[in-house]
Amino acid sequence: MHRLDRDPQAPACLRGYQHGRDKWSMESPTGAERGDIWTKLDAMQGCRCAYCEAAISRGKCHIEHFRQRDRYPQGTFEWSNLFGSCDRESTCGTFKDRCGAYPHADLIKPDVEDPDEFLVFDPQGGIHPKAGLALDKRHRAQETIRILNLAGGGLPHMRSAAAAGYLQQVEVWAEYASQFSEEEWRPIVEQELAQELANTAHLPFATAIRHTLTRVSP
């Protein structure tokens, strides 16, 4: 999960729907309208799940209501309430909607808040509340992990596999640090780190990769 920048302009098709009059169903919005919604979601999320950051493709994802329709029906057609989620039964949007009632404010909303202020990934693919959080933020971090099952459903293995190759780069940087003075190695490492972060920002599980590179680099 990482910070998302939502276009404030909603897909035009959503203006044709109204809570209390229309219902979200297999036919509504139409296929073409859903395509328009996905165009906006893809621009925001980079064709990755809003929650776990796995790559998503048509037929293996769904338009997700951040606040569930049965508990917040007035948000059914609200652009700010829509994300794109993977279709895994054991994580993310599908798991969230089956995990029982919870205060919606407990869940980190990535287009409003920066998940980096709450969550940290380790090089083994684990996810944890960030150290030193105030009690209320720690509770929200823990609940976000639980409600979306970000620590289960095979996600740790997927994140670990995505980050594994970058541990080799970290080892190279550690070798620099062991052989040269800090004045010599630090500018090199900082330049290479910046390049690695730029090169990986669009990838699935980019946040786990970024946390691996920045957490264990010299």
# chains A, B, ... in the order shown; residues from 1 in each chain; ligands from 1
>>> select_by_dssp(residues="segment 20-180 of chain A", states="strand (DSSP E or B)", output="list of chain:residue names")
A:Asp22, A:Arg48, A:Ala55, A:Cys61, A:His62, A:Ile63, A:Glu64, A:His65, A:Leu82, A:Phe83, A:Gly84, A:Ser85, A:Cys86, A:Leu119, A:Val120, A:Phe121, A:Ile127, A:His128, A:Pro129
>>> residues_around(residues="segment 24-39 of chain A", least_positions_apart="3", cutoff="10 Å", atoms="only C-alpha atoms", output="list in words")
Ala10, Pro11, Ala12, Cys13, Leu14, Gly16, Tyr17, His19, Asp42, Ala43, Met44, Gln45, Cys47, Arg58, His62, Ile63, Arg69, Pro73, Thr76, Phe77, Trp79, Leu82, Phe83 and Gly84 of chain A
>>> residues_around(residues="Gly100 of chain A", least_positions_apart="3", cutoff="9 Å", atoms="only C-alpha atoms", output="PyMOL selection string")
chain A and resi 96-97+147
>>> atom_distance(atom1="atom CA of Leu107 of chain A", atom2="atom CA of Met1 of chain A")
11.8 Å
>>> select_by_dssp(residues="segment 76-205 of chain A", states="alpha helix (DSSP H)", output="number ranges by chain")
A: 92-96, 135-148, 155-179, 182-200
>>> residues_around(residues="Glu143 of chain A", least_positions_apart="5", cutoff="12 Å", atoms="only C-alpha atoms", output="PyMOL selection string")
chain A and resi 96+99+101-108+118-119+128-129+136-138+148-151
>>> residues_around(residues="Ser90 of chain A", least_positions_apart="2", cutoff="7 Å", atoms="only C-alpha atoms", output="PDB file with N, CA, C and O atoms, in the first residue's frame")
ATOM      1  N   ARG A  88      -8.083 -11.670  -5.313  1.00  0.00           N
ATOM      2  CA  ARG A  88      -7.772 -12.773  -4.406  1.00  0.00           C
ATOM      3  C   ARG A  88      -8.788 -12.830  -3.278  1.00  0.00           C
ATOM      4  O   ARG A  88      -9.090 -11.815  -2.647  1.00  0.00           O
ATOM      5  N   PHE A  95     -11.551  -9.814   0.862  1.00  0.00           N
ATOM      6  CA  PHE A  95     -11.400 -10.200   2.272  1.00  0.00           C
ATOM      7  C   PHE A  95     -12.013  -9.135   3.169  1.00  0.00           C
ATOM      8  O   PHE A  95     -12.716  -9.461   4.149  1.00  0.00           O
ATOM      9  N   GLY A 153      -2.417 -14.574   2.995  1.00  0.00           N
ATOM     10  CA  GLY A 153      -2.865 -14.815   1.632  1.00  0.00           C
ATOM     11  C   GLY A 153      -1.761 -14.947   0.609  1.00  0.00           C
ATOM     12  O   GLY A 153      -1.978 -14.688  -0.576  1.00  0.00           O
TER      13      GLY A 153
END
>>> decode(residues="segment 172-186 of chain A", atoms="all heavy atoms", output="compact mmCIF listing (two decimals), in the first residue's frame")
# COMPACT_ATOMS: atom_id res chain seq x y z
N VAL A 172 26.13 -4.96 -2.44
CA VAL A 172 27.17 -4.21 -3.16
C VAL A 172 27.45 -2.90 -2.43
O VAL A 172 28.62 -2.51 -2.24
CB VAL A 172 26.73 -3.94 -4.61
CG1 VAL A 172 27.70 -2.97 -5.30
CG2 VAL A 172 26.63 -5.23 -5.39
N TRP A 173 26.41 -2.23 -1.99
CA TRP A 173 26.60 -0.98 -1.26
C TRP A 173 27.33 -1.21 0.06
O TRP A 173 28.17 -0.40 0.47
CB TRP A 173 25.25 -0.32 -1.01
CG TRP A 173 24.59 0.16 -2.27
CD1 TRP A 173 25.19 0.47 -3.46
CD2 TRP A 173 23.19 0.38 -2.46
NE1 TRP A 173 24.26 0.87 -4.38
CE2 TRP A 173 23.03 0.84 -3.81
CE3 TRP A 173 22.07 0.25 -1.67
CZ2 TRP A 173 21.78 1.14 -4.33
CZ3 TRP A 173 20.83 0.55 -2.18
CH2 TRP A 173 20.68 1.00 -3.51
N ALA A 174 27.00 -2.31 0.73
CA ALA A 174 27.70 -2.63 1.97
C ALA A 174 29.19 -2.88 1.70
O ALA A 174 30.05 -2.52 2.53
CB ALA A 174 27.07 -3.85 2.63
N GLU A 175 29.48 -3.46 0.56
CA GLU A 175 30.88 -3.69 0.19
C GLU A 175 31.59 -2.35 -0.05
O GLU A 175 32.75 -2.18 0.35
CB GLU A 175 30.94 -4.55 -1.07
CG GLU A 175 32.33 -5.02 -1.46
CD GLU A 175 32.91 -6.01 -0.46
OE1 GLU A 175 32.14 -6.60 0.32
OE2 GLU A 175 34.15 -6.18 -0.47
N TYR A 176 30.90 -1.43 -0.69
CA TYR A 176 31.47 -0.08 -0.85
C TYR A 176 31.84 0.50 0.52
O TYR A 176 32.94 1.05 0.70
CB TYR A 176 30.46 0.88 -1.51
CG TYR A 176 30.12 0.63 -2.94
CD1 TYR A 176 29.05 1.31 -3.53
CD2 TYR A 176 30.84 -0.24 -3.74
CE1 TYR A 176 28.70 1.13 -4.86
CE2 TYR A 176 30.50 -0.44 -5.07
CZ TYR A 176 29.43 0.23 -5.62
OH TYR A 176 29.08 0.04 -6.94
N ALA A 177 30.90 0.39 1.45
CA ALA A 177 31.09 0.99 2.77
C ALA A 177 32.25 0.36 3.53
O ALA A 177 32.90 1.01 4.34
CB ALA A 177 29.81 0.88 3.59
N SER A 178 32.49 -0.93 3.26
CA SER A 178 33.58 -1.61 3.96
C SER A 178 34.95 -1.31 3.36
O SER A 178 35.97 -1.48 4.03
CB SER A 178 33.34 -3.12 3.94
OG SER A 178 33.50 -3.65 2.63
N GLN A 179 34.98 -0.84 2.12
CA GLN A 179 36.25 -0.65 1.43
C GLN A 179 36.67 0.82 1.30
O GLN A 179 37.85 1.10 1.10
CB GLN A 179 36.19 -1.27 0.02
CG GLN A 179 36.05 -2.78 0.02
CD GLN A 179 36.06 -3.35 -1.39
OE1 GLN A 179 36.26 -2.63 -2.36
NE2 GLN A 179 35.84 -4.65 -1.50
N PHE A 180 35.70 1.73 1.39
CA PHE A 180 36.02 3.13 1.14
C PHE A 180 35.54 4.00 2.30
O PHE A 180 34.69 3.59 3.10
CB PHE A 180 35.37 3.62 -0.16
CG PHE A 180 35.74 2.81 -1.37
CD1 PHE A 180 34.88 1.82 -1.86
CD2 PHE A 180 36.96 3.00 -2.00
CE1 PHE A 180 35.22 1.06 -2.97
CE2 PHE A 180 37.31 2.25 -3.12
CZ PHE A 180 36.45 1.27 -3.59
N SER A 181 36.06 5.18 2.38
CA SER A 181 35.60 6.12 3.40
C SER A 181 34.18 6.56 3.07
O SER A 181 33.73 6.49 1.92
CB SER A 181 36.53 7.34 3.43
OG SER A 181 36.38 8.12 2.24
N GLU A 182 33.48 7.08 4.09
CA GLU A 182 32.10 7.51 3.88
C GLU A 182 32.03 8.63 2.85
O GLU A 182 31.08 8.69 2.06
CB GLU A 182 31.47 7.96 5.19
CG GLU A 182 30.01 8.33 5.05
CD GLU A 182 29.30 8.54 6.38
OE1 GLU A 182 29.92 8.24 7.42
OE2 GLU A 182 28.15 8.99 6.36
N GLU A 183 33.02 9.50 2.84
CA GLU A 183 33.03 10.59 1.86
C GLU A 183 33.09 10.06 0.43
O GLU A 183 32.59 10.68 -0.50
CB GLU A 183 34.22 11.51 2.12
CG GLU A 183 34.10 12.33 3.40
CD GLU A 183 35.31 13.23 3.59
OE1 GLU A 183 36.28 13.08 2.83
OE2 GLU A 183 35.27 14.07 4.51
N GLU A 184 33.69 8.88 0.27
CA GLU A 184 33.81 8.30 -1.07
C GLU A 184 32.58 7.49 -1.46
O GLU A 184 32.08 7.61 -2.58
CB GLU A 184 35.06 7.41 -1.14
CG GLU A 184 36.37 8.17 -1.04
CD GLU A 184 37.56 7.25 -1.00
OE1 GLU A 184 37.64 6.41 -0.07
OE2 GLU A 184 38.42 7.35 -1.90
N TRP A 185 32.10 6.63 -0.52
CA TRP A 185 31.03 5.72 -0.92
C TRP A 185 29.64 6.33 -0.85
O TRP A 185 28.76 5.99 -1.64
CB TRP A 185 31.06 4.42 -0.12
CG TRP A 185 30.77 4.50 1.36
CD1 TRP A 185 31.66 4.44 2.38
CD2 TRP A 185 29.47 4.60 1.98
NE1 TRP A 185 31.02 4.52 3.60
CE2 TRP A 185 29.68 4.61 3.37
CE3 TRP A 185 28.17 4.69 1.50
CZ2 TRP A 185 28.63 4.72 4.30
CZ3 TRP A 185 27.11 4.79 2.40
CH2 TRP A 185 27.36 4.81 3.79
N ARG A 186 29.40 7.26 0.10
CA ARG A 186 28.03 7.74 0.28
C ARG A 186 27.47 8.45 -0.96
O ARG A 186 26.32 8.16 -1.34
CB ARG A 186 27.93 8.65 1.51
CG ARG A 186 26.50 9.09 1.79
CD ARG A 186 26.33 9.68 3.16
NE ARG A 186 26.50 8.70 4.21
CZ ARG A 186 25.56 7.81 4.57
NH1 ARG A 186 24.40 7.79 3.94
NH2 ARG A 186 25.79 6.96 5.55
